[in-house]
Amino acid sequence: EILSITKEAFVDENVALAYDVEPLEQVIDGLKTALRDRHVVRLKDGECTVEAGFIWSDLLTDLERTSDHCSNIAIDVMESANSSVLAHDYLRHLREDGNNQYQILLAGYSSKYSVD
């Protein structure tokens with residue numbers, strides 16, 4: 001989903017859609033941690049091997065890095081459309097100021113991709 005949103009935002013120069021990427025990226029960060037923690041439990045319970053664990057860990061890391069790249073692309077789309085949008089300020093504003101649209105999207109993605 002993050003790849004599709006990012007691609008469409010980039011190709012169409014759709015700034016509004018670019019704003020949807022960061023909340024999903026944050027959910028993916030959380031998923032990586034949750035899925036890695038679950039794997040540790042499987043290892044302890046003898047349900048998985050260390051060898052498979054290395055592959056799983058690499059896969060999770062690669063997917064999370066992909067979402068980071070999507071976030072960077074989305075921010076570039078925003079910066080291209082509005083030179084006053086600066087990446088670090090934008091991300092800080094989202095997280096610190098409780099941006100309502102960001103919080104709504106974050107809650108929706110968190111629910112959609114819940115692993116509990």
# chains A, B, ... in the order shown; residues from 1 in each chain; ligands from 1

$ residues_around --residues "Arg38 of chain A" --least-positions-apart "6" --cutoff "12 Å" --atoms "only C-alpha atoms" --output "PyMOL selection string"
chain A and resi 31-32+44-45+47-48+53+56-57+115-116

$ residues_around --residues "segment 18-20 of chain A" --least-positions-apart "5" --cutoff "8 Å" --atoms "only C-alpha atoms" --output "list in words"
Ile5, Thr6, Ala9, Phe10, Ala74, Ile75, Val77, Met78, Tyr102 and Leu105 of chain A

$ atom_distance --atom1 "atom CA of Val40 of chain A" --atom2 "atom CA of Ile55 of chain A"
13.3 Å

$ closest_residue --among "A:Arg92, A:Arg36, A:Lys112, A:Lys7" --to "Asp58 of chain A" --atoms "only C-alpha atoms"
A:Arg36

$ atom_distance --atom1 "atom CA of Leu3 of chain A" --atom2 "atom CA of Thr66 of chain A"
8.3 Å

$ atom_distance --atom1 "atom CA of Val21 of chain A" --atom2 "atom CA of Tyr113 of chain A"
14.4 Å

$ select_by_dssp --residues "chain A" --states "helix (DSSP H, G or I)" --output "JSON, numbers by chain"
{"A": [2, 3, 4, 5, 6, 7, 8, 9, 10, 11, 15, 16, 17, 18, 21, 22, 23, 24, 25, 26, 27, 28, 29, 30, 31, 32, 33, 34, 35, 36, 37, 38, 39, 40, 41, 42, 43, 44, 50, 51, 52, 53, 54, 55, 56, 57, 58, 59, 60, 61, 62, 63, 64, 65, 66, 67, 68, 69, 70, 71, 72, 73, 74, 75, 76, 77, 78, 79, 80, 81, 87, 88, 89, 90, 91, 92, 93, 94, 95, 96, 100, 101, 102, 103, 104, 105, 106, 107, 108, 109, 110, 111, 112]}

$ residues_around --residues "Ser110 of chain A" --least-positions-apart "3" --cutoff "9 Å" --atoms "only C-alpha atoms" --output "list in words"
Pro23, Leu24, Val27, Ile28, Gly30, Leu105, Leu106, Ala107, Tyr113 and Ser114 of chain A

$ write_last_selection --atoms "all heavy atoms" --output "short mmCIF file (atom, residue, chain, number, x, y, z; two decimals), in the first residue's frame"
data_model
loop_
_atom_site.label_atom_id
_atom_site.label_comp_id
_atom_site.auth_asym_id
_atom_site.auth_seq_id
_atom_site.Cartn_x
_atom_site.Cartn_y
_atom_site.Cartn_z
N PRO A 23 2.11 8.64 7.97
CA PRO A 23 1.46 7.83 9.00
C PRO A 23 1.58 6.33 8.74
O PRO A 23 1.78 5.55 9.67
CB PRO A 23 -0.01 8.27 8.97
CG PRO A 23 -0.10 9.41 8.05
CD PRO A 23 1.20 9.57 7.34
N LEU A 24 1.51 5.93 7.48
CA LEU A 24 1.67 4.52 7.15
C LEU A 24 3.10 4.07 7.41
O LEU A 24 3.34 2.96 7.91
CB LEU A 24 1.25 4.25 5.71
CG LEU A 24 1.29 2.81 5.23
CD1 LEU A 24 0.55 1.86 6.18
CD2 LEU A 24 0.72 2.70 3.83
N VAL A 27 3.42 3.28 11.04
CA VAL A 27 2.81 1.99 11.35
C VAL A 27 3.74 0.85 10.96
O VAL A 27 3.91 -0.12 11.70
CB VAL A 27 1.42 1.86 10.68
CG1 VAL A 27 0.89 0.43 10.77
CG2 VAL A 27 0.44 2.84 11.30
N ILE A 28 4.39 0.98 9.81
CA ILE A 28 5.32 -0.06 9.36
C ILE A 28 6.49 -0.17 10.33
O ILE A 28 6.94 -1.28 10.64
CB ILE A 28 5.77 0.23 7.92
CG1 ILE A 28 4.58 0.02 6.96
CG2 ILE A 28 6.97 -0.64 7.52
CD1 ILE A 28 4.80 0.54 5.56
N GLY A 30 6.37 0.32 13.51
CA GLY A 30 5.84 -0.42 14.65
C GLY A 30 5.65 -1.90 14.35
O GLY A 30 5.90 -2.76 15.20
N LEU A 105 -5.23 9.30 10.13
CA LEU A 105 -4.62 8.31 9.23
C LEU A 105 -3.81 7.27 10.01
O LEU A 105 -3.89 6.08 9.73
CB LEU A 105 -3.73 9.00 8.20
CG LEU A 105 -4.45 9.79 7.12
CD1 LEU A 105 -3.47 10.67 6.35
CD2 LEU A 105 -5.20 8.86 6.18
N LEU A 106 -3.06 7.73 11.00
CA LEU A 106 -2.27 6.82 11.82
C LEU A 106 -3.16 5.80 12.51
O LEU A 106 -2.88 4.59 12.51
CB LEU A 106 -1.45 7.61 12.84
CG LEU A 106 -0.51 6.81 13.73
CD1 LEU A 106 0.59 6.16 12.92
CD2 LEU A 106 0.09 7.72 14.80
N ALA A 107 -4.27 6.26 13.08
CA ALA A 107 -5.20 5.35 13.76
C ALA A 107 -5.81 4.36 12.76
O ALA A 107 -5.94 3.16 13.06
CB ALA A 107 -6.29 6.15 14.46
N TYR A 113 -3.64 -2.62 9.98
CA TYR A 113 -2.48 -3.49 9.96
C TYR A 113 -2.09 -4.01 11.35
O TYR A 113 -0.94 -4.37 11.58
CB TYR A 113 -1.29 -2.78 9.30
CG TYR A 113 -1.55 -2.52 7.84
CD1 TYR A 113 -1.82 -1.25 7.37
CD2 TYR A 113 -1.56 -3.57 6.93
CE1 TYR A 113 -2.07 -1.01 6.02
CE2 TYR A 113 -1.81 -3.35 5.59
CZ TYR A 113 -2.07 -2.07 5.14
OH TYR A 113 -2.32 -1.85 3.82
N SER A 114 -3.05 -4.09 12.24
CA SER A 114 -2.81 -4.60 13.58
C SER A 114 -2.42 -6.07 13.54
O SER A 114 -3.02 -6.85 12.80
CB SER A 114 -4.05 -4.41 14.44
OG SER A 114 -3.87 -5.03 15.69
#

$ closest_residue --among "A:Asp76, A:Glu1, A:Asp68, A:Asp62" --to "Gln26 of chain A" --atoms "only C-alpha atoms"
A:Asp68

$ closest_residue --among "A:Glu22, A:Ile2, A:Leu59, A:Thr33" --to "Gln103 of chain A" --atoms "only C-alpha atoms"
A:Glu22

$ residues_around --residues "Thr49 of chain A" --least-positions-apart "6" --cutoff "10 Å" --atoms "only C-alpha atoms" --output "PDB file with N, CA and C atoms, in the first residue's frame"
ATOM      1  N   HIS A  39       8.907 -13.043  16.708  1.00  0.00           N
ATOM      2  CA  HIS A  39       9.871 -14.030  16.244  1.00  0.00           C
ATOM      3  C   HIS A  39      10.759 -14.507  17.399  1.00  0.00           C
ATOM      4  N   ARG A  42       8.997 -17.095  19.208  1.00  0.00           N
ATOM      5  CA  ARG A  42       9.019 -18.368  18.468  1.00  0.00           C
ATOM      6  C   ARG A  42      10.363 -19.069  18.609  1.00  0.00           C
ATOM      7  N   LEU A  43      11.435 -18.294  18.593  1.00  0.00           N
ATOM      8  CA  LEU A  43      12.761 -18.882  18.790  1.00  0.00           C
ATOM      9  C   LEU A  43      12.873 -19.522  20.170  1.00  0.00           C
TER      10      LEU A  43
END
